[in-house]
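Asker: If it helps, the file is called query.cif and holds mmCIF, N, CA and C atoms:
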data_data
#
loop_
_atom_site.group_PDB
_atom_site.id
_atom_site.type_symbol
_atom_site.label_atom_id
_atom_site.label_comp_id
_atom_site.auth_asym_id
_atom_site.auth_seq_id
_atom_site.Cartn_x
_atom_site.Cartn_y
_atom_site.Cartn_z
ATOM 1 N N LYS G 1287 -42.021 35.004 -79.171
ATOM 2 C CA LYS G 1287 -41.515 35.899 -78.136
ATOM 3 C C LYS G 1287 -42.232 35.617 -76.818
ATOM 4 N N GLN G 1288 -43.528 35.397 -76.889
ATOM 5 C CA GLN G 1288 -44.303 35.130 -75.669
ATOM 6 C C GLN G 1288 -43.911 33.805 -75.017
ATOM 7 N N LEU G 1289 -43.398 32.868 -75.798
ATOM 8 C CA LEU G 1289 -42.980 31.581 -75.253
ATOM 9 C C LEU G 1289 -41.600 31.647 -74.608
ATOM 10 N N GLY G 1290 -40.899 32.740 -74.814
ATOM 11 C CA GLY G 1290 -39.568 32.891 -74.244
ATOM 12 C C GLY G 1290 -38.496 32.109 -74.985
ATOM 13 N N ILE G 1291 -38.728 31.814 -76.256
ATOM 14 C CA ILE G 1291 -37.766 31.065 -77.054
ATOM 15 C C ILE G 1291 -36.851 32.044 -77.779
ATOM 16 N N ASP G 1292 -35.523 31.821 -77.631
ATOM 17 C CA ASP G 1292 -34.586 32.641 -78.385
ATOM 18 C C ASP G 1292 -34.847 32.418 -79.872
ATOM 19 N N ARG G 1293 -34.833 33.501 -80.641
ATOM 20 C CA ARG G 1293 -35.173 33.373 -82.055
ATOM 21 C C ARG G 1293 -34.348 34.336 -82.883
ATOM 22 N N GLY G 1294 -34.353 34.080 -84.169
ATOM 23 C CA GLY G 1294 -33.652 34.952 -85.089
ATOM 24 C C GLY G 1294 -34.334 34.932 -86.445
ATOM 25 N N TRP G 1295 -34.301 36.049 -87.131
ATOM 26 C CA TRP G 1295 -34.900 36.181 -88.466
ATOM 27 C C TRP G 1295 -33.836 35.865 -89.502
ATOM 28 N N LYS G 1296 -34.135 34.968 -90.425
ATOM 29 C CA LYS G 1296 -33.167 34.545 -91.437
ATOM 30 C C LYS G 1296 -33.718 34.831 -92.825
ATOM 31 N N THR G 1297 -32.829 35.181 -93.731
ATOM 32 C CA THR G 1297 -33.216 35.361 -95.130
ATOM 33 C C THR G 1297 -32.527 34.328 -96.024
ATOM 34 N N ALA G 1298 -31.735 33.436 -95.407
ATOM 35 C CA ALA G 1298 -31.077 32.346 -96.134
ATOM 36 C C ALA G 1298 -30.941 31.163 -95.181
ATOM 37 N N LEU G 1299 -30.881 29.973 -95.758
ATOM 38 C CA LEU G 1299 -30.729 28.759 -94.961
ATOM 39 C C LEU G 1299 -29.363 28.135 -95.227
ATOM 40 N N PRO G 1300 -28.873 27.282 -94.318
ATOM 41 C CA PRO G 1300 -27.551 26.667 -94.517
ATOM 42 C C PRO G 1300 -27.579 25.479 -95.485
ATOM 43 N N PHE G 1301 -28.610 25.370 -96.276
ATOM 44 C CA PHE G 1301 -28.700 24.344 -97.312
ATOM 45 C C PHE G 1301 -29.448 24.930 -98.496
ATOM 46 N N ASP G 1302 -29.449 24.225 -99.600
ATOM 47 C CA ASP G 1302 -29.993 24.741 -100.843
ATOM 48 C C ASP G 1302 -31.525 24.700 -100.845
ATOM 49 N N ALA G 1303 -32.145 25.818 -100.499
ATOM 50 C CA ALA G 1303 -33.603 25.942 -100.541
ATOM 51 C C ALA G 1303 -33.931 27.419 -100.698
ATOM 52 N N ASP G 1304 -34.801 27.707 -101.628
ATOM 53 C CA ASP G 1304 -35.211 29.090 -101.836
ATOM 54 C C ASP G 1304 -36.248 29.483 -100.793
ATOM 55 N N ILE G 1305 -35.989 30.580 -100.093
ATOM 56 C CA ILE G 1305 -36.947 31.093 -99.118
ATOM 57 C C ILE G 1305 -36.997 32.605 -99.221
ATOM 58 N N LYS G 1306 -38.066 33.168 -98.734
ATOM 59 C CA LYS G 1306 -38.143 34.621 -98.596
ATOM 60 C C LYS G 1306 -37.646 35.018 -97.220
ATOM 61 N N ALA G 1307 -38.044 34.245 -96.213
ATOM 62 C CA ALA G 1307 -37.609 34.510 -94.847
ATOM 63 C C ALA G 1307 -37.931 33.294 -93.991
ATOM 64 N N ALA G 1308 -37.261 33.212 -92.857
ATOM 65 C CA ALA G 1308 -37.500 32.107 -91.929
ATOM 66 C C ALA G 1308 -37.296 32.613 -90.508
ATOM 67 N N LEU G 1309 -38.036 32.037 -89.603
ATOM 68 C CA LEU G 1309 -37.861 32.321 -88.190
ATOM 69 C C LEU G 1309 -37.122 31.137 -87.592
ATOM 70 N N ALA G 1310 -35.936 31.373 -87.076
ATOM 71 C CA ALA G 1310 -35.108 30.305 -86.520
ATOM 72 C C ALA G 1310 -35.170 30.342 -85.007
ATOM 73 N N MET G 1311 -35.331 29.158 -84.415
ATOM 74 C CA MET G 1311 -35.259 29.051 -82.957
ATOM 75 C C MET G 1311 -33.813 28.740 -82.621
ATOM 76 N N THR G 1312 -33.141 29.672 -82.003
ATOM 77 C CA THR G 1312 -31.728 29.505 -81.682
ATOM 78 C C THR G 1312 -31.574 28.767 -80.353
ATOM 79 N N GLN G 1313 -30.374 28.317 -80.072
ATOM 80 C CA GLN G 1313 -30.055 27.617 -78.824
ATOM 81 C C GLN G 1313 -30.902 26.357 -78.636
ATOM 82 N N GLN G 1314 -31.190 25.664 -79.731
ATOM 83 C CA GLN G 1314 -31.959 24.422 -79.686
ATOM 84 C C GLN G 1314 -31.024 23.240 -79.906
ATOM 85 N N ALA G 1315 -31.386 22.105 -79.341
ATOM 86 C CA ALA G 1315 -30.610 20.886 -79.556
ATOM 87 C C ALA G 1315 -30.722 20.480 -81.018
ATOM 88 N N GLN G 1316 -29.675 19.877 -81.540
ATOM 89 C CA GLN G 1316 -29.706 19.403 -82.915
ATOM 90 C C GLN G 1316 -29.670 17.888 -82.913
ATOM 91 N N PHE G 1317 -30.453 17.307 -83.772
ATOM 92 C CA PHE G 1317 -30.632 15.862 -83.866
ATOM 93 C C PHE G 1317 -30.072 15.392 -85.196
ATOM 94 N N HIS G 1318 -29.140 14.453 -85.158
ATOM 95 C CA HIS G 1318 -28.580 13.885 -86.386
ATOM 96 C C HIS G 1318 -29.181 12.493 -86.552
ATOM 97 N N PRO G 1319 -30.128 12.326 -87.478
ATOM 98 C CA PRO G 1319 -30.854 11.053 -87.573
ATOM 99 C C PRO G 1319 -29.976 9.845 -87.861
ATOM 100 N N LEU G 1320 -28.911 9.985 -88.647
ATOM 101 C CA LEU G 1320 -28.073 8.825 -88.944
ATOM 102 C C LEU G 1320 -27.247 8.394 -87.741
ATOM 103 N N HIS G 1321 -26.759 9.344 -86.946
ATOM 104 C CA HIS G 1321 -26.039 8.983 -85.727
ATOM 105 C C HIS G 1321 -26.966 8.237 -84.772
ATOM 106 N N TYR G 1322 -28.187 8.753 -84.636
ATOM 107 C CA TYR G 1322 -29.173 8.108 -83.771
ATOM 108 C C TYR G 1322 -29.498 6.716 -84.285
ATOM 109 N N LEU G 1323 -29.742 6.588 -85.582
ATOM 110 C CA LEU G 1323 -30.133 5.315 -86.163
ATOM 111 C C LEU G 1323 -29.025 4.275 -86.026
ATOM 112 N N ASN G 1324 -27.781 4.663 -86.239
ATOM 113 C CA ASN G 1324 -26.663 3.716 -86.090
ATOM 114 C C ASN G 1324 -26.574 3.185 -84.665
ATOM 115 N N ALA G 1325 -26.725 4.051 -83.679
ATOM 116 C CA ALA G 1325 -26.688 3.614 -82.281
ATOM 117 C C ALA G 1325 -27.894 2.729 -81.963
ATOM 118 N N LEU G 1326 -29.047 3.085 -82.487
ATOM 119 C CA LEU G 1326 -30.253 2.293 -82.269
ATOM 120 C C LEU G 1326 -30.108 0.899 -82.880
ATOM 121 N N ILE G 1327 -29.585 0.819 -84.086
ATOM 122 C CA ILE G 1327 -29.385 -0.474 -84.752
ATOM 123 C C ILE G 1327 -28.439 -1.347 -83.930
ATOM 124 N N ASP G 1328 -27.352 -0.783 -83.425
ATOM 125 C CA ASP G 1328 -26.414 -1.550 -82.598
ATOM 126 C C ASP G 1328 -27.137 -2.139 -81.376
ATOM 127 N N GLN G 1329 -27.954 -1.330 -80.714
ATOM 128 C CA GLN G 1329 -28.692 -1.798 -79.538
ATOM 129 C C GLN G 1329 -29.691 -2.887 -79.903
ATOM 130 N N LEU G 1330 -30.384 -2.711 -81.016
ATOM 131 C CA LEU G 1330 -31.371 -3.707 -81.447
ATOM 132 C C LEU G 1330 -30.702 -5.033 -81.788
ATOM 133 N N LEU G 1331 -29.596 -4.996 -82.519
ATOM 134 C CA LEU G 1331 -28.900 -6.224 -82.901
ATOM 135 C C LEU G 1331 -28.367 -6.959 -81.675
ATOM 136 N N GLU G 1332 -27.894 -6.216 -80.665
ATOM 137 C CA GLU G 1332 -27.421 -6.840 -79.423
ATOM 138 C C GLU G 1332 -28.550 -7.586 -78.721
ATOM 139 N N ARG G 1333 -29.778 -7.162 -78.937
ATOM 140 C CA ARG G 1333 -30.944 -7.784 -78.296
ATOM 141 C C ARG G 1333 -31.620 -8.836 -79.184
ATOM 142 N N GLY G 1334 -30.980 -9.169 -80.297
ATOM 143 C CA GLY G 1334 -31.497 -10.230 -81.141
ATOM 144 C C GLY G 1334 -32.571 -9.817 -82.128
ATOM 145 N N VAL G 1335 -32.768 -8.523 -82.305
ATOM 146 C CA VAL G 1335 -33.763 -8.054 -83.268
ATOM 147 C C VAL G 1335 -33.240 -8.298 -84.678
ATOM 148 N N ARG G 1336 -34.114 -8.744 -85.548
ATOM 149 C CA ARG G 1336 -33.746 -8.952 -86.948
ATOM 150 C C ARG G 1336 -34.212 -7.758 -87.760
ATOM 151 N N ILE G 1337 -33.345 -7.281 -88.623
ATOM 152 C CA ILE G 1337 -33.671 -6.154 -89.488
ATOM 153 C C ILE G 1337 -33.626 -6.648 -90.922
ATOM 154 N N TYR G 1338 -34.715 -6.453 -91.642
ATOM 155 C CA TYR G 1338 -34.811 -6.916 -93.021
ATOM 156 C C TYR G 1338 -34.726 -5.723 -93.956
ATOM 157 N N GLU G 1339 -33.664 -5.662 -94.730
ATOM 158 C CA GLU G 1339 -33.512 -4.623 -95.735
ATOM 159 C C GLU G 1339 -33.810 -5.210 -97.102
ATOM 160 N N GLN G 1340 -34.061 -4.346 -98.068
ATOM 161 C CA GLN G 1340 -34.337 -4.778 -99.441
ATOM 162 C C GLN G 1340 -35.475 -5.803 -99.474
ATOM 163 N N THR G 1341 -36.455 -5.627 -98.572
ATOM 164 C CA THR G 1341 -37.605 -6.516 -98.478
ATOM 165 C C THR G 1341 -38.861 -5.655 -98.575
ATOM 166 N N THR G 1342 -39.642 -5.875 -99.619
ATOM 167 C CA THR G 1342 -40.828 -5.053 -99.822
ATOM 168 C C THR G 1342 -42.001 -5.610 -99.026
ATOM 169 N N ALA G 1343 -42.462 -4.847 -98.048
ATOM 170 C CA ALA G 1343 -43.626 -5.231 -97.258
ATOM 171 C C ALA G 1343 -44.872 -4.697 -97.940
ATOM 172 N N VAL G 1344 -45.916 -5.538 -97.980
ATOM 173 C CA VAL G 1344 -47.142 -5.115 -98.655
ATOM 174 C C VAL G 1344 -48.351 -5.106 -97.731
ATOM 175 N N ASP G 1345 -48.258 -5.774 -96.567
ATOM 176 C CA ASP G 1345 -49.403 -5.814 -95.661
ATOM 177 C C ASP G 1345 -48.929 -6.207 -94.271
ATOM 178 N N VAL G 1346 -49.800 -5.999 -93.299
ATOM 179 C CA VAL G 1346 -49.563 -6.433 -91.924
ATOM 180 C C VAL G 1346 -50.784 -7.217 -91.485
ATOM 181 N N LYS G 1347 -50.555 -8.394 -90.948
ATOM 182 C CA LYS G 1347 -51.623 -9.206 -90.372
ATOM 183 C C LYS G 1347 -51.585 -9.000 -88.868
ATOM 184 N N GLU G 1348 -52.686 -8.513 -88.309
ATOM 185 C CA GLU G 1348 -52.745 -8.245 -86.881
ATOM 186 C C GLU G 1348 -53.116 -9.512 -86.118
ATOM 187 N N GLY G 1349 -52.880 -9.516 -84.805
ATOM 188 C CA GLY G 1349 -53.223 -10.648 -83.962
ATOM 189 C C GLY G 1349 -52.222 -10.809 -82.843
ATOM 190 N N ASN G 1350 -52.281 -11.961 -82.141
ATOM 191 C CA ASN G 1350 -51.346 -12.227 -81.041
ATOM 192 C C ASN G 1350 -49.909 -12.270 -81.524
ATOM 193 N N ARG G 1351 -49.686 -12.788 -82.721
ATOM 194 C CA ARG G 1351 -48.374 -12.814 -83.358
ATOM 195 C C ARG G 1351 -48.494 -12.073 -84.682
ATOM 196 N N PRO G 1352 -48.413 -10.745 -84.670
ATOM 197 C CA PRO G 1352 -48.568 -10.002 -85.922
ATOM 198 C C PRO G 1352 -47.493 -10.401 -86.932
ATOM 199 N N ALA G 1353 -47.824 -10.225 -88.194
ATOM 200 C CA ALA G 1353 -46.893 -10.613 -89.259
ATOM 201 C C ALA G 1353 -46.867 -9.557 -90.346
ATOM 202 N N VAL G 1354 -45.693 -9.347 -90.897
ATOM 203 C CA VAL G 1354 -45.535 -8.530 -92.091
ATOM 204 C C VAL G 1354 -45.574 -9.489 -93.269
ATOM 205 N N VAL G 1355 -46.379 -9.152 -94.264
ATOM 206 C CA VAL G 1355 -46.460 -9.953 -95.477
ATOM 207 C C VAL G 1355 -45.614 -9.246 -96.531
ATOM 208 N N THR G 1356 -44.684 -9.989 -97.142
ATOM 209 C CA THR G 1356 -43.800 -9.402 -98.138
ATOM 210 C C THR G 1356 -44.368 -9.576 -99.546
ATOM 211 N N LYS G 1357 -43.755 -8.872 -100.467
ATOM 212 C CA LYS G 1357 -44.150 -8.951 -101.875
ATOM 213 C C LYS G 1357 -44.071 -10.385 -102.389
ATOM 214 N N ASP G 1358 -43.129 -11.172 -101.859
ATOM 215 C CA ASP G 1358 -42.966 -12.567 -102.273
ATOM 216 C C ASP G 1358 -43.810 -13.520 -101.432
ATOM 217 N N ASP G 1359 -44.770 -12.974 -100.666
ATOM 218 C CA ASP G 1359 -45.704 -13.720 -99.828
ATOM 219 C C ASP G 1359 -45.032 -14.467 -98.667
ATOM 220 N N HIS G 1360 -43.902 -13.945 -98.188
ATOM 221 C CA HIS G 1360 -43.312 -14.455 -96.957
ATOM 222 C C HIS G 1360 -43.982 -13.735 -95.798
ATOM 223 N N HIS G 1361 -44.055 -14.390 -94.635
ATOM 224 C CA HIS G 1361 -44.646 -13.794 -93.446
ATOM 225 C C HIS G 1361 -43.574 -13.696 -92.364
ATOM 226 N N LEU G 1362 -43.270 -12.487 -91.940
ATOM 227 C CA LEU G 1362 -42.290 -12.239 -90.880
ATOM 228 C C LEU G 1362 -43.076 -11.934 -89.612
ATOM 229 N N THR G 1363 -42.996 -12.818 -88.614
ATOM 230 C CA THR G 1363 -43.800 -12.658 -87.407
ATOM 231 C C THR G 1363 -42.946 -12.202 -86.239
ATOM 232 N N GLY G 1364 -43.600 -11.628 -85.261
ATOM 233 C CA GLY G 1364 -42.925 -11.189 -84.052
ATOM 234 C C GLY G 1364 -43.934 -10.677 -83.047
ATOM 235 N N ARG G 1365 -43.454 -10.398 -81.848
ATOM 236 C CA ARG G 1365 -44.342 -9.817 -80.843
ATOM 237 C C ARG G 1365 -44.781 -8.418 -81.239
ATOM 238 N N TYR G 1366 -43.855 -7.692 -81.856
ATOM 239 C CA TYR G 1366 -44.121 -6.320 -82.274
ATOM 240 C C TYR G 1366 -43.644 -6.140 -83.703
ATOM 241 N N ILE G 1367 -44.280 -5.238 -84.395
ATOM 242 C CA ILE G 1367 -43.843 -4.874 -85.740
ATOM 243 C C ILE G 1367 -43.650 -3.368 -85.748
ATOM 244 N N ILE G 1368 -42.494 -2.949 -86.200
ATOM 245 C CA ILE G 1368 -42.181 -1.522 -86.285
ATOM 246 C C ILE G 1368 -41.952 -1.192 -87.748
ATOM 247 N N SER G 1369 -42.705 -0.246 -88.242
ATOM 248 C CA SER G 1369 -42.537 0.190 -89.625
ATOM 249 C C SER G 1369 -41.694 1.454 -89.634
ATOM 250 N N CYS G 1370 -40.534 1.388 -90.267
ATOM 251 C CA CYS G 1370 -39.628 2.531 -90.370
ATOM 252 C C CYS G 1370 -39.434 2.795 -91.850
ATOM 253 N N SER G 1371 -40.326 3.554 -92.410
ATOM 254 C CA SER G 1371 -40.342 3.742 -93.849
ATOM 255 C C SER G 1371 -40.631 5.195 -94.186
ATOM 256 N N HIS G 1372 -39.975 5.682 -95.192
ATOM 257 C CA HIS G 1372 -40.244 7.032 -95.655
ATOM 258 C C HIS G 1372 -41.648 7.121 -96.248
ATOM 259 N N PHE G 1373 -42.094 6.039 -96.867
ATOM 260 C CA PHE G 1373 -43.423 5.971 -97.452
ATOM 261 C C PHE G 1373 -44.190 4.829 -96.831
ATOM 262 N N PRO G 1374 -44.992 5.085 -95.794
ATOM 263 C CA PRO G 1374 -45.718 3.994 -95.121
ATOM 264 C C PRO G 1374 -46.616 3.238 -96.091
ATOM 265 N N PHE G 1375 -46.693 1.928 -95.909
ATOM 266 C CA PHE G 1375 -47.502 1.072 -96.764
ATOM 267 C C PHE G 1375 -48.752 0.597 -96.036
ATOM 268 N N TYR G 1376 -48.810 0.799 -94.724
ATOM 269 C CA TYR G 1376 -49.884 0.235 -93.901
ATOM 270 C C TYR G 1376 -50.503 1.344 -93.086
ATOM 271 N N ASP G 1377 -51.817 1.389 -93.045
ATOM 272 C CA ASP G 1377 -52.519 2.465 -92.364
ATOM 273 C C ASP G 1377 -53.214 1.995 -91.083
ATOM 274 N N GLY G 1378 -52.989 0.755 -90.682
ATOM 275 C CA GLY G 1378 -53.718 0.187 -89.540
ATOM 276 C C GLY G 1378 -53.227 0.670 -88.206
#
Can you give me the file's structure in the form of structure tokens?
Answerer:
Amino acid sequence: KQLGIDRGWKTALPFDADIKAALAMTQQAQFHPLHYLNALIDQLLERGVRIYEQTTAVDVKEGNRPAVVTKDDHHLTGRYIISCSHFPFYDG
């Protein structure tokens, strides 16, 4: 209330989750991650970025040309490495 955010008290959610109560911030923007990701992928591919799916990364080698090391001991190098994983494998 002190922040001036519109809010509402909820006793149920619009998806399957048991709750006792929730405080909802109303009038907020909604983000759809798959819509965002699809647009992002299109932009990346137009710029020549390579996306490797079904490839298990096990390590990252740092340096001027960082590299991702795969389970099969392949090294994928680039100027930048972006890890987009639900379960991060690298803590560096």
Asker: Around all of stretch 1362-1369 of chain G's listed atoms, make the axis-aligned box with 8 Å on each side and tell me centre and edge lengths in Å to one decimal, as AutoDock Vina command-line options.
Answerer:
--center_x -43.2 --center_y -5.7 --center_z -86.4 --size_x 19.1 --size_y 30.3 --size_z 27.1
Asker: Identify, with DSSP run on backbone atoms, the residues in chain G assigned to helix (DSSP H, G or I), and express the list as a ChimeraX atom specification.
Answerer: /G:1319-1332
Asker: Atom CA of G:Val1354 to atom C of G:Asn1324: how many Å, to one decimal?
Answerer: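 Separation between atom CA of G:Val1354 and atom C of G:Asn1324: 23.5 Å.
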Asker: Have a look at atom CA of G:Asp1292 and atom CA of G:Thr1312 and let me know their distance in Å, one decimal.
Answerer: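 Taking atom CA of G:Asp1292 and atom CA of G:Thr1312, their separation equals 5.4 Å.
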Asker: Here's the selection I'm unsure about, the PyMOL selection byres (((chain G and resi 1363-1366 and name CA) around 10) and name CA); applied to the file above, which residues does it give, as a list in words?
Answerer: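 After applying the PyMOL selection byres (((chain G and resi 1363-1366 and name CA) around 10) and name CA), what remains is Val1335, Arg1336, Val1346, Lys1347, Glu1348, Gly1349, Asn1350, Arg1351, Pro1352, Ala1353, Val1354, Val1355, His1360, His1361, Leu1362, Ile1367, Ile1368 and Ser1369 of chain G.
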Asker: Just to confirm, what's the straight-line distance from atom N of G:Thr1342 to atom N of G:Asp1377 in Å (one decimal)?
Answerer: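 If I compute the distance from atom N of G:Thr1342 to atom N of G:Asp1377, I get 15.6 Å.
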Asker: Write stretch 1289-1299 of chain G as a short mmCIF file (atom, residue, chain, number, x, y, z; two decimals), in the frame of the given file, completed to all heavy atoms.
Answerer:
data_model
loop_
_atom_site.label_atom_id
_atom_site.label_comp_id
_atom_site.auth_asym_id
_atom_site.auth_seq_id
_atom_site.Cartn_x
_atom_site.Cartn_y
_atom_site.Cartn_z
N LEU G 1289 -43.40 32.87 -75.80
CA LEU G 1289 -42.98 31.58 -75.25
C LEU G 1289 -41.60 31.65 -74.61
O LEU G 1289 -41.16 30.70 -73.97
CB LEU G 1289 -42.97 30.52 -76.36
CG LEU G 1289 -44.32 30.16 -76.94
CD1 LEU G 1289 -44.14 29.20 -78.13
CD2 LEU G 1289 -45.21 29.54 -75.89
N GLY G 1290 -40.90 32.74 -74.81
CA GLY G 1290 -39.57 32.89 -74.24
C GLY G 1290 -38.50 32.11 -74.98
O GLY G 1290 -37.47 31.77 -74.41
N ILE G 1291 -38.73 31.81 -76.26
CA ILE G 1291 -37.77 31.06 -77.05
C ILE G 1291 -36.85 32.04 -77.78
O ILE G 1291 -37.32 32.96 -78.43
CB ILE G 1291 -38.49 30.16 -78.08
CG1 ILE G 1291 -39.36 29.14 -77.34
CG2 ILE G 1291 -37.49 29.49 -79.00
CD1 ILE G 1291 -40.24 28.33 -78.26
N ASP G 1292 -35.52 31.82 -77.63
CA ASP G 1292 -34.59 32.64 -78.39
C ASP G 1292 -34.85 32.42 -79.87
O ASP G 1292 -35.07 31.30 -80.32
CB ASP G 1292 -33.14 32.24 -78.07
CG ASP G 1292 -32.73 32.65 -76.67
OD1 ASP G 1292 -33.30 33.62 -76.13
OD2 ASP G 1292 -31.82 31.99 -76.11
N ARG G 1293 -34.83 33.50 -80.64
CA ARG G 1293 -35.17 33.37 -82.06
C ARG G 1293 -34.35 34.34 -82.88
O ARG G 1293 -33.74 35.26 -82.36
CB ARG G 1293 -36.66 33.62 -82.28
CG ARG G 1293 -37.06 35.07 -82.04
CD ARG G 1293 -38.33 35.15 -81.20
NE ARG G 1293 -38.54 36.50 -80.75
CZ ARG G 1293 -38.06 36.98 -79.60
NH1 ARG G 1293 -37.31 36.25 -78.83
NH2 ARG G 1293 -38.32 38.21 -79.23
N GLY G 1294 -34.35 34.08 -84.17
CA GLY G 1294 -33.65 34.95 -85.09
C GLY G 1294 -34.33 34.93 -86.44
O GLY G 1294 -34.92 33.93 -86.85
N TRP G 1295 -34.30 36.05 -87.13
CA TRP G 1295 -34.90 36.18 -88.47
C TRP G 1295 -33.84 35.86 -89.50
O TRP G 1295 -32.74 36.40 -89.44
CB TRP G 1295 -35.42 37.61 -88.64
CG TRP G 1295 -36.23 37.81 -89.87
CD1 TRP G 1295 -35.82 38.43 -91.01
CD2 TRP G 1295 -37.56 37.40 -90.10
NE1 TRP G 1295 -36.82 38.42 -91.93
CE2 TRP G 1295 -37.93 37.79 -91.40
CE3 TRP G 1295 -38.52 36.71 -89.34
CZ2 TRP G 1295 -39.17 37.54 -91.96
CZ3 TRP G 1295 -39.75 36.48 -89.89
CH2 TRP G 1295 -40.07 36.89 -91.19
N LYS G 1296 -34.14 34.97 -90.42
CA LYS G 1296 -33.17 34.54 -91.44
C LYS G 1296 -33.72 34.83 -92.82
O LYS G 1296 -34.91 34.72 -93.07
CB LYS G 1296 -32.88 33.04 -91.33
CG LYS G 1296 -32.42 32.58 -89.97
CD LYS G 1296 -31.00 32.99 -89.73
CE LYS G 1296 -30.53 32.47 -88.38
NZ LYS G 1296 -29.20 32.83 -88.07
N THR G 1297 -32.83 35.18 -93.73
CA THR G 1297 -33.22 35.36 -95.13
C THR G 1297 -32.53 34.33 -96.02
O THR G 1297 -32.71 34.34 -97.23
CB THR G 1297 -32.87 36.78 -95.61
OG1 THR G 1297 -31.48 37.01 -95.40
CG2 THR G 1297 -33.70 37.82 -94.88
N ALA G 1298 -31.74 33.44 -95.41
CA ALA G 1298 -31.08 32.35 -96.13
C ALA G 1298 -30.94 31.16 -95.18
O ALA G 1298 -30.89 31.33 -93.97
CB ALA G 1298 -29.71 32.78 -96.64
N LEU G 1299 -30.88 29.97 -95.76
CA LEU G 1299 -30.73 28.76 -94.96
C LEU G 1299 -29.36 28.14 -95.23
O LEU G 1299 -28.77 28.40 -96.27
CB LEU G 1299 -31.84 27.76 -95.33
CG LEU G 1299 -33.26 28.22 -95.03
CD1 LEU G 1299 -34.26 27.21 -95.55
CD2 LEU G 1299 -33.45 28.42 -93.54
#
